[in-house]
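Structure file model-v4.cif (mmCIF, C-alpha atoms and all ligand atoms) is printed below.
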```cif
data_entry
loop_
_atom_site.label_atom_id
_atom_site.label_comp_id
_atom_site.auth_asym_id
_atom_site.auth_seq_id
_atom_site.Cartn_x
_atom_site.Cartn_y
_atom_site.Cartn_z
CA MET A 1 0.00 0.00 0.00
CA SER A 2 1.14 3.55 -0.71
CA SER A 3 1.14 6.50 1.69
CA SER A 4 -1.27 6.38 4.60
CA LEU A 5 -4.56 8.23 4.46
CA PRO A 6 -5.84 10.56 7.16
CA SER A 7 -9.12 9.31 8.62
CA THR A 8 -12.19 11.06 7.33
CA ARG A 9 -15.98 10.89 7.25
CA GLY A 10 -17.10 8.04 5.03
CA LEU A 11 -19.44 8.10 2.05
CA ALA A 12 -22.67 7.43 3.97
CA GLU A 13 -21.75 9.89 6.70
CA ARG A 14 -21.08 12.66 4.18
CA LEU A 15 -24.42 11.95 2.49
CA SER A 16 -26.49 11.82 5.68
CA ASP A 17 -29.06 14.61 6.12
CA ARG A 18 -28.88 15.40 2.42
CA GLY A 19 -25.24 16.34 2.43
CA THR A 20 -23.73 16.43 -1.05
CA VAL A 21 -20.82 14.39 -2.37
CA LEU A 22 -19.34 15.70 -5.60
CA CYS A 23 -17.62 13.24 -7.89
CA ALA A 24 -15.68 14.49 -10.89
CA GLY A 25 -15.69 11.85 -13.61
CA GLY A 26 -14.94 11.85 -17.30
CA TYR A 27 -11.36 10.61 -17.02
CA LEU A 28 -11.62 8.69 -20.27
CA PHE A 29 -12.53 11.68 -22.43
CA GLU A 30 -10.21 14.01 -20.51
CA VAL A 31 -7.17 11.78 -20.98
CA GLU A 32 -8.06 11.20 -24.64
CA ARG A 33 -8.33 14.98 -25.08
CA ARG A 34 -4.85 15.33 -23.58
CA GLY A 35 -3.52 12.79 -26.08
CA TYR A 36 -2.71 9.85 -23.83
CA LEU A 37 -5.51 7.46 -24.66
CA ALA A 38 -6.77 5.95 -27.92
CA ALA A 39 -10.44 6.63 -28.67
CA GLY A 40 -12.42 3.56 -29.63
CA ALA A 41 -10.20 1.07 -27.84
CA PHE A 42 -10.61 3.29 -24.78
CA VAL A 43 -8.21 1.45 -22.48
CA PRO A 44 -6.76 3.42 -19.54
CA GLU A 45 -3.14 2.45 -20.25
CA VAL A 46 -2.18 5.93 -19.05
CA ALA A 47 -1.99 4.52 -15.51
CA LEU A 48 1.11 2.58 -16.57
CA ASP A 49 2.45 4.56 -19.54
CA HIS A 50 2.16 8.03 -18.04
CA PRO A 51 1.19 7.86 -14.38
CA GLU A 52 2.23 11.50 -13.96
CA VAL A 53 -0.50 12.54 -16.41
CA LEU A 54 -3.17 10.57 -14.61
CA GLU A 55 -1.97 11.88 -11.28
CA GLN A 56 -2.31 15.48 -12.51
CA VAL A 57 -5.78 14.87 -13.95
CA THR A 58 -6.89 13.31 -10.67
CA ARG A 59 -5.40 16.17 -8.66
CA ASP A 60 -6.95 18.76 -10.97
CA PHE A 61 -10.39 17.16 -10.68
CA CYS A 62 -10.11 17.23 -6.89
CA ARG A 63 -8.90 20.82 -6.88
CA ALA A 64 -11.90 21.67 -9.07
CA GLY A 65 -14.17 20.45 -6.30
CA SER A 66 -14.45 16.68 -6.40
CA ASP A 67 -14.95 14.99 -3.04
CA VAL A 68 -13.84 11.77 -4.68
CA SER A 69 -10.39 10.81 -5.93
CA LEU A 70 -11.52 8.23 -8.43
CA ALA A 71 -9.22 5.44 -9.59
CA PHE A 72 -9.24 5.46 -13.38
CA THR A 73 -9.89 1.79 -13.96
CA TYR A 74 -12.91 2.35 -16.19
CA ASN A 75 -12.43 -0.24 -18.95
CA GLY A 76 -9.36 -1.43 -17.07
CA HIS A 77 -10.79 -4.92 -16.95
CA ARG A 78 -9.72 -8.31 -18.27
CA GLU A 79 -11.86 -8.17 -21.43
CA LYS A 80 -10.43 -4.84 -22.63
CA MET A 81 -6.88 -5.86 -21.77
CA ARG A 82 -7.40 -9.07 -23.75
CA ILE A 83 -8.57 -7.11 -26.81
CA ILE A 84 -5.35 -5.08 -26.83
CA GLY A 85 -3.22 -8.16 -26.09
CA LYS A 86 -2.01 -6.94 -22.69
CA GLU A 87 -3.82 -9.16 -20.22
CA ASP A 88 -0.53 -9.57 -18.31
CA LEU A 89 -0.68 -5.85 -17.43
CA LEU A 90 -4.17 -6.03 -15.94
CA GLU A 91 -3.20 -6.17 -12.29
CA PRO A 92 -0.31 -3.66 -12.53
CA LEU A 93 -2.61 -1.23 -14.33
CA ASN A 94 -5.31 -1.55 -11.70
CA ARG A 95 -2.88 -1.17 -8.82
CA SER A 96 -1.21 1.84 -10.41
CA ALA A 97 -4.53 3.63 -10.95
CA LEU A 98 -5.64 2.85 -7.41
CA GLN A 99 -2.36 4.04 -5.92
CA ILE A 100 -2.54 7.30 -7.88
CA ALA A 101 -6.05 7.99 -6.54
CA ARG A 102 -4.82 7.22 -3.06
CA LYS A 103 -1.73 9.38 -3.41
CA VAL A 104 -3.76 12.44 -4.45
CA ALA A 105 -6.04 11.97 -1.44
CA ALA A 106 -3.12 11.39 0.93
CA GLU A 107 -1.38 14.60 -0.16
CA TRP A 108 -4.53 16.72 0.13
CA GLU A 109 -3.99 19.98 2.03
CA ASP A 110 -7.24 21.90 1.46
CA GLY A 111 -9.50 20.70 4.26
CA GLU A 112 -11.20 17.33 4.42
CA ARG A 113 -9.41 14.91 2.12
CA PRO A 114 -11.16 13.40 -0.90
CA LEU A 115 -12.60 9.92 -0.56
CA VAL A 116 -10.77 7.31 -2.61
CA ALA A 117 -12.98 5.25 -4.88
CA GLY A 118 -12.30 2.12 -6.86
CA ASN A 119 -14.15 1.74 -10.14
CA ILE A 120 -15.77 -1.11 -12.03
CA SER A 121 -17.91 -0.68 -15.10
CA ASN A 122 -19.71 -2.24 -18.04
CA THR A 123 -17.85 -5.33 -19.22
CA ASN A 124 -19.53 -5.55 -22.64
CA LEU A 125 -19.31 -9.29 -22.09
CA TYR A 126 -22.56 -9.88 -20.25
CA ASP A 127 -25.12 -11.58 -22.49
CA PRO A 128 -28.52 -12.60 -21.13
CA ALA A 129 -28.68 -15.33 -23.80
CA ASP A 130 -25.45 -16.88 -22.52
CA PRO A 131 -25.64 -17.88 -18.85
CA SER A 132 -21.90 -18.61 -18.78
CA SER A 133 -21.26 -14.88 -19.30
CA GLU A 134 -22.45 -14.25 -15.75
CA GLU A 135 -19.50 -16.11 -14.31
CA ALA A 136 -17.05 -14.38 -16.64
CA VAL A 137 -18.40 -10.98 -15.54
CA ARG A 138 -18.32 -11.98 -11.90
CA ALA A 139 -14.68 -13.07 -12.16
CA MET A 140 -13.72 -9.75 -13.77
CA TYR A 141 -15.43 -7.77 -11.02
CA ARG A 142 -14.09 -10.02 -8.29
CA GLU A 143 -10.42 -9.47 -9.08
CA MET A 144 -10.88 -5.72 -9.49
CA CYS A 145 -12.82 -5.40 -6.22
CA GLU A 146 -10.18 -7.39 -4.39
CA TRP A 147 -7.35 -5.22 -5.71
CA ALA A 148 -9.27 -2.07 -4.79
CA ALA A 149 -9.94 -3.36 -1.28
CA GLU A 150 -6.26 -4.28 -0.87
CA GLU A 151 -5.24 -0.79 -1.98
CA GLY A 152 -7.46 0.71 0.71
CA VAL A 153 -10.23 2.52 -1.15
CA ASP A 154 -13.05 4.13 0.84
CA PHE A 155 -15.80 2.85 -1.44
CA MET A 156 -16.46 1.28 -4.82
CA GLN A 157 -18.17 2.93 -7.74
CA ALA A 158 -19.85 0.67 -10.29
CA GLU A 159 -20.90 2.66 -13.33
CA THR A 160 -22.23 2.73 -16.85
CA LEU A 161 -24.04 -0.55 -16.23
CA TYR A 162 -26.64 -1.02 -18.94
CA TYR A 163 -27.85 -4.48 -17.92
CA GLN A 164 -29.71 -4.90 -14.65
CA ARG A 165 -28.22 -8.33 -14.05
CA GLU A 166 -24.69 -7.05 -14.62
CA ALA A 167 -25.33 -4.25 -12.10
CA GLU A 168 -26.50 -6.83 -9.55
CA ILE A 169 -23.37 -8.91 -10.05
CA ALA A 170 -21.26 -5.77 -9.60
CA LEU A 171 -23.07 -5.00 -6.34
CA GLU A 172 -22.65 -8.56 -5.08
CA GLU A 173 -18.92 -8.45 -5.71
CA ILE A 174 -18.54 -5.08 -3.99
CA GLN A 175 -20.48 -6.40 -1.01
CA ARG A 176 -18.23 -9.45 -0.95
CA VAL A 177 -15.23 -7.22 -0.15
CA GLY A 178 -17.29 -5.27 2.39
CA LEU A 179 -17.11 -1.78 0.88
CA PRO A 180 -19.80 0.91 0.51
CA SER A 181 -21.11 1.14 -3.04
CA VAL A 182 -22.28 3.63 -5.62
CA LEU A 183 -24.23 1.81 -8.34
CA MET A 184 -25.05 3.76 -11.48
CA VAL A 185 -26.96 2.44 -14.46
CA ALA A 186 -26.64 3.89 -17.98
CA VAL A 187 -29.66 4.36 -20.21
CA PHE A 188 -29.47 4.10 -23.99
CA ALA A 189 -31.91 5.95 -26.27
CA PRO A 190 -34.81 3.46 -25.86
CA GLY A 191 -35.06 4.54 -22.22
CA GLN A 192 -34.69 1.18 -20.46
CA LEU A 193 -31.78 -0.98 -19.50
CA ARG A 194 -30.98 -3.51 -22.16
CA ASP A 195 -32.76 -6.23 -20.22
CA ASP A 196 -35.92 -4.07 -20.38
CA VAL A 197 -35.82 -2.81 -16.80
CA GLU A 198 -36.95 0.77 -16.29
CA PRO A 199 -34.18 2.93 -14.76
CA ALA A 200 -36.24 3.73 -11.63
CA GLU A 201 -37.05 0.06 -11.16
CA ALA A 202 -33.38 -0.82 -11.62
CA CYS A 203 -32.38 1.65 -8.93
CA ALA A 204 -35.14 0.41 -6.59
CA ARG A 205 -33.92 -3.17 -6.94
CA LEU A 206 -30.29 -2.21 -6.36
CA ARG A 207 -31.32 -0.24 -3.29
CA ASP A 208 -33.29 -3.23 -1.98
CA LEU A 209 -30.20 -5.37 -2.52
CA GLY A 210 -28.21 -3.04 -0.29
CA ALA A 211 -26.41 -0.51 -2.49
CA THR A 212 -25.32 2.56 -0.51
CA VAL A 213 -26.07 4.97 -3.38
CA VAL A 214 -27.98 4.27 -6.62
CA GLY A 215 -28.48 6.36 -9.72
CA MET A 216 -27.59 6.96 -13.33
CA ASN A 217 -24.48 8.05 -15.22
CA CYS A 218 -23.08 8.56 -18.73
CA PHE A 219 -24.68 8.36 -22.22
CA ARG A 220 -27.14 11.23 -21.58
CA GLY A 221 -26.50 14.93 -21.11
CA PRO A 222 -28.29 17.19 -18.63
CA VAL A 223 -31.43 17.73 -20.72
CA THR A 224 -32.20 14.05 -21.26
CA SER A 225 -30.98 12.87 -17.86
CA LEU A 226 -33.16 15.06 -15.65
CA PRO A 227 -36.56 13.54 -16.54
CA ILE A 228 -35.23 10.05 -15.76
CA LEU A 229 -33.60 11.24 -12.55
CA GLU A 230 -36.93 12.71 -11.46
CA GLN A 231 -38.59 9.33 -12.07
CA ILE A 232 -35.88 7.64 -10.02
CA ALA A 233 -36.27 10.17 -7.20
CA ALA A 234 -40.05 9.67 -7.16
CA LYS A 235 -39.65 5.93 -6.64
CA VAL A 236 -36.44 5.40 -4.69
CA PRO A 237 -35.41 6.90 -1.34
CA GLY A 238 -31.98 8.59 -1.34
CA PRO A 239 -29.10 8.83 -1.45
CA LEU A 240 -29.22 9.02 -5.24
CA ALA A 241 -26.49 9.61 -7.81
CA ALA A 242 -26.29 11.44 -11.13
CA MET A 243 -23.31 11.88 -13.41
CA PRO A 244 -24.49 12.94 -16.90
CA VAL A 245 -22.19 13.51 -19.84
CA ALA A 246 -21.32 17.14 -20.68
CA PHE A 247 -22.90 17.01 -24.13
CA ARG A 248 -26.03 18.66 -25.51
CA THR A 249 -28.27 15.66 -25.94
CA THR A 250 -31.88 16.41 -26.87
CA PRO A 251 -35.21 14.54 -26.89
CA ASN A 252 -34.53 13.72 -30.56
CA TYR A 253 -30.96 12.64 -29.79
CA PRO A 254 -31.16 11.43 -26.20
CA THR A 255 -27.62 10.03 -25.96
CA PHE A 256 -24.20 11.15 -27.16
CA PHE A 257 -23.86 8.13 -29.44
CA ASN A 258 -25.85 9.62 -32.30
CA LEU A 259 -25.56 13.38 -31.93
CA PRO A 260 -25.43 15.09 -35.37
CA ASP A 261 -22.51 17.31 -36.29
CA CYS A 262 -24.12 20.67 -35.49
CA GLY A 263 -23.07 22.50 -38.64
CA CYS A 264 -19.49 21.28 -38.99
CA PRO A 265 -18.11 23.01 -42.15
CA VAL A 266 -15.92 20.07 -43.23
CA HIS A 267 -16.81 16.55 -44.19
CA LEU A 268 -16.13 14.28 -41.24
CA PRO A 269 -13.98 11.25 -42.05
CA VAL A 270 -15.99 9.26 -39.51
CA ASP A 271 -19.54 7.91 -39.55
CA ARG A 272 -20.65 9.73 -36.41
CA THR A 273 -19.51 12.53 -34.17
CA PHE A 274 -19.15 10.08 -31.27
CA PRO A 275 -16.56 10.04 -29.90
CA THR A 276 -13.97 12.06 -31.82
CA ALA A 277 -15.94 15.00 -33.23
CA LEU A 278 -18.18 15.98 -30.35
CA GLU A 279 -16.40 19.20 -29.39
CA ALA A 280 -19.05 21.51 -30.85
CA GLN A 281 -21.67 19.74 -28.73
CA VAL A 282 -19.96 20.18 -25.37
CA CYS A 283 -22.09 21.83 -22.69
CA ASN A 284 -20.65 25.02 -21.30
CA ARG A 285 -19.98 25.46 -17.59
CA TYR A 286 -23.25 27.31 -17.02
CA GLU A 287 -25.28 24.41 -18.38
CA MET A 288 -23.57 22.00 -15.99
CA ALA A 289 -23.98 24.39 -13.06
CA ASP A 290 -27.69 24.66 -13.88
CA PHE A 291 -27.94 20.89 -14.03
CA ALA A 292 -26.29 20.54 -10.62
CA VAL A 293 -28.81 22.87 -8.99
CA ARG A 294 -31.79 21.17 -10.65
CA ALA A 295 -30.54 17.70 -9.81
CA LYS A 296 -29.97 18.65 -6.20
CA GLU A 297 -33.51 20.05 -6.05
CA ALA A 298 -34.77 16.81 -7.56
CA GLY A 299 -33.22 14.87 -4.71
CA ILE A 300 -29.81 13.89 -6.07
CA ASP A 301 -26.98 14.11 -3.54
CA PHE A 302 -24.09 12.28 -5.21
CA LEU A 303 -23.36 14.51 -8.18
CA GLY A 304 -20.82 14.98 -10.89
CA VAL A 305 -20.06 15.11 -14.58
CA CYS A 306 -19.11 12.07 -16.66
CA CYS A 307 -17.70 11.99 -20.22
CA GLY A 308 -16.84 15.40 -21.64
CA GLY A 309 -16.47 16.93 -18.20
CA SER A 310 -13.36 19.00 -17.56
CA VAL A 311 -12.19 21.12 -14.66
CA ILE A 312 -14.31 24.09 -15.75
CA HIS A 313 -17.43 21.93 -15.48
CA HIS A 314 -16.44 20.30 -12.20
CA ARG A 315 -15.63 23.67 -10.65
CA ALA A 316 -18.90 25.20 -11.90
CA VAL A 317 -20.85 22.32 -10.35
CA ALA A 318 -19.03 22.78 -7.04
CA GLU A 319 -19.55 26.53 -7.00
CA ALA A 320 -23.24 26.21 -7.99
CA LEU A 321 -23.70 24.12 -4.86
CA GLY A 322 -22.02 26.68 -2.65
CA ARG A 323 -18.49 25.31 -2.55
CA THR A 324 -15.25 27.20 -2.96
CA PRO A 325 -12.79 24.57 -4.17
CA PRO A 326 -9.07 25.46 -4.56
CA MET A 327 -9.58 26.25 -8.26
CA THR A 328 -12.09 28.98 -7.38
CA ARG A 329 -8.88 30.99 -7.08
CA TYR A 330 -8.91 30.99 -10.89
CA SER A 331 -12.62 31.38 -11.54
CA PRO A 332 -13.51 34.05 -14.12
CA GLN A 333 -12.62 37.67 -13.30
CA MET A 334 -14.31 39.29 -16.25
CA GLU A 335 -14.36 42.66 -14.47
CA LYS A 336 -10.66 42.84 -15.42
CA HIS A 337 -11.20 42.23 -19.13
CA PHE A 338 -10.01 44.99 -21.44
CA LEU A 339 -13.19 44.99 -23.56
CA TYR A 340 -15.89 43.74 -21.22
CA GLY A 341 -14.66 44.61 -17.75
CA SER A 342 -15.94 47.09 -15.21
CA ASP A 343 -12.70 47.97 -13.43
CA PRO A 344 -12.54 51.82 -13.30
CA THR A 345 -8.94 51.84 -14.54
CA LEU A 346 -9.85 50.17 -17.84
CA LYS A 347 -9.65 52.39 -20.94
CA GLN A 348 -13.08 53.64 -21.95
CA HIS A 349 -12.16 53.64 -25.65
CA ASN A 350 -11.77 49.86 -25.35
CA THR A 351 -14.79 49.04 -23.19
CA ALA A 352 -16.99 51.17 -25.47
CA PHE A 353 -15.73 49.17 -28.46
CA GLY A 354 -16.67 45.81 -26.92
CA VAL A 355 -20.02 45.43 -28.65
CA GLN A 356 -18.38 45.89 -32.08
CA ALA A 357 -15.40 43.66 -31.36
ZN ZN A 401 -19.35 8.67 -19.28
#
```
The structure given in the file should be rewritten as structure tokens.
Ligand SMILES: [Zn+2]
Amino acid sequence: MSSSLPSTRGLAERLSDRGTVLCAGGYLFEVERRGYLAAGAFVPEVALDHPEVLEQVTRDFCRAGSDVSLAFTYNGHREKMRIIGKEDLLEPLNRSALQIARKVAAEWEDGERPLVAGNISNTNLYDPADPSSEEAVRAMYREMCEWAAEEGVDFMQAETLYYQREAEIALEEIQRVGLPSVLMVAVFAPGQLRDDVEPAEACARLRDLGATVVGMNCFRGPVTSLPILEQIAAKVPGPLAAMPVAFRTTPNYPTFFNLPDCGCPVHLPVDRTFPTALEAQVCNRYEMADFAVRAKEAGIDFLGVCCGGSVIHHRAVAEALGRTPPMTRYSPQMEKHFLYGSDPTLKQHNTAFGVQA
């Protein structure tokens, strides 16, 4: 185990009496954007190839307001490592990512330290028509949960689970290692999980099975997540989780998988904007701040941004909920801007020109 962690309030304690836990996600897209991860394959090799990059991303997300130092092991499972021919690196990759998350939390100097979370996710192997897939999925989750427990995480996050049965297996394996759990399902355009379970029903079942926090993440942006979150909140007692993507999904295009190109002036060399041409569809910080307030009002207490989220979004979410994370130090100071500022020392011939600029 790496450096020791100061004791802190746990996940359930922080969420009691409607306290909020912020969780900055979106490591996959953020690391791809920084050039250290191949889109499509989407394997978090950065934990081994460039641990310093992952460490900085993790630290930045926490400085932007995350209460969770999340181990980037999304897709860091046996099936993905097999596809890229690196199954032998599975355990080192997991341990490296976990130790980075732990290190960032251990070094924290701005008040209560972040919670360290392990991460398991959709395996893309589960197949309801093939009962043997259940055992394969269970084995993948089991080894990852054991490594996370050995590396001393505070809780486990299971996310982007689009089959109810797979989510249940994930929960069972987290419970087996005795850790608190955040279980988040992901909802494709049809509006149900792929085994035809309604999202609210999925969350209710996971809650009944003992999940600490249940909710929804990924695939959908703020606009198409909120109605489903309200259905979940109407059916399931809290604490509830929401981590939408930071993309402008609409009722006609409810997920980021099929968003059109939004007036791109060149012919795209790819069939769809997902995942390499989505930049023009990214939500701005104000949209994510608005989402955070609405979600909180709807009864969501474990909140964050998934794919597409960057520090500007995470900080805006934190500030919208009344926080002043370390990166608030660098929040906008438009009053100093030469064209649009209000500082009395600014030159009037510039500020008057702003509307024509
Ligand atoms: Zn996501």
Pull the closest atom pair for each residue of chain A that gets at most 6 Å from ligand ZN 401 (chain A), along with the distance in Å to one decimal, counting all atoms listed in the file, ordering rows by chain and then ascending residue number, as a Markdown table.
```
| residue | atom | partner | partner_atom | distance |
| --- | --- | --- | --- | --- |
| A:Gly26 | CA | A:ZN401 | ZN | 5.8 |
| A:Cys218 | CA | A:ZN401 | ZN | 3.8 |
| A:Val245 | CA | A:ZN401 | ZN | 5.6 |
| A:Cys306 | CA | A:ZN401 | ZN | 4.3 |
| A:Cys307 | CA | A:ZN401 | ZN | 3.8 |
```
- Query: What does the distance between CA of Ala298 (chain A) and CA of Phe256 (chain A) come to in Å, to one decimal place?
  - Reply: 23.0 Å
- Distance criterion (all atoms listed in the file): nearest to Pro275 (chain A) out of A:Pro6, A:Pro244, A:Gly308, A:Pro114: A:Gly308
- Message: Between A:Ala12, A:Ala246, A:Leu209, A:Val266, which residue has the minimum interatomic distance to His314 (chain A), considering all atoms listed in the file?
- Response: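 Once distances to His314 (chain A) are computed over all atoms listed in the file, the minimum belongs to A:Ala246.
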- Task: Using all atoms listed in the file, collect all residues at a distance of at most 6 Å from (-21.1, 0.6, -17.4) as written in the file, then present them as a list of chain:residue names.
- Result: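 Protein and nucleic acid residues near the point are A:Ser121, A:Asn122, A:Glu159, A:Thr160, A:Leu161, A:Tyr162.
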- Between A:Glu32, A:Glu55, A:Glu13, A:Asp130, which is the closest to Thr276 (chain A) once you count all atoms listed in the file?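 Under the stated criterion, the closest residue is A:Glu32.
Interatomic distance, CA of Leu115 (chain A) to CA of Tyr286 (chain A): 26.2 Å.
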- Query: Smallest atom-to-atom distance to Ala71 (chain A): which of A:Asp49, A:Glu87, A:Asp154, A:Glu168, using all atoms listed in the file?
  - Reply: A:Asp154
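Each of A:Asp301, A:Asp88, A:Asp343, A:Glu79 was checked against Leu22 (chain A) using all atoms listed in the file; the smallest atom-to-atom distance is that of A:Asp301.
Near Glu201 (chain A), within 9 Å and counting only C-alpha atoms, sit A:Val197, A:Arg205, A:Leu206, A:Ile232, A:Lys235, A:Val236; same-chain residues fewer than 4 positions away were not included.
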- Arg323 (chain A) proximity check over A:Val213, A:Ala289, A:Leu15, A:Val43, using all atoms listed in the file: winner is A:Ala289
List the neighbours of Ser16 (chain A) out to 12 Å using only C-alpha atoms; skip same-chain residues closer than 6 positions along the sequence, and give me the result as a PDB file with C-alpha atoms, keeping the file's coordinate frame.
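Contents of the output file out26.pdb:
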```
ATOM      1  CA  ARG A   9     -15.980  10.890   7.250  1.00  0.00           C
ATOM      2  CA  GLY A  10     -17.100   8.040   5.030  1.00  0.00           C
ATOM      3  CA  THR A 212     -25.320   2.560  -0.510  1.00  0.00           C
ATOM      4  CA  VAL A 213     -26.070   4.970  -3.380  1.00  0.00           C
ATOM      5  CA  GLY A 238     -31.980   8.590  -1.340  1.00  0.00           C
ATOM      6  CA  PRO A 239     -29.100   8.830  -1.450  1.00  0.00           C
ATOM      7  CA  LEU A 240     -29.220   9.020  -5.240  1.00  0.00           C
ATOM      8  CA  ASP A 301     -26.980  14.110  -3.540  1.00  0.00           C
ATOM      9  CA  PHE A 302     -24.090  12.280  -5.210  1.00  0.00           C
TER      10      PHE A 302
END
```
- Task: State, in Å with one decimal place, the distance from CA of Glu287 (chain A) to CA of Pro222 (chain A).
- Result: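 Separation between CA of Glu287 (chain A) and CA of Pro222 (chain A): 7.8 Å.
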- Considering only C-alpha atoms, return as a ChimeraX atom specification whatever protein or nucleic-acid residues lie within 10 Å of Tyr253 (chain A), sequence-local ones (same chain, fewer than 6 positions apart) excluded. /A:189,220,224,259-260
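Residues in contact with Leu98 (chain A) at up to 7 Å, not including ones fewer than 4 positions away on its chain and judged by only C-alpha atoms, are Ala71, Asn94, Arg102, Gly118, Ala148 and Glu151 of chain A.
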- Message: At a cut-off of 7 Å, using all atoms listed in the file, what residues contact region 64-67 of chain A? Leave out same-chain residues fewer than 2 positions from it and give the result as an NGL selection string.
- Response: :A and (21-24 or 60-62 or 69 or 114-115 or 311 or 314-315 or 318 or 325-327)
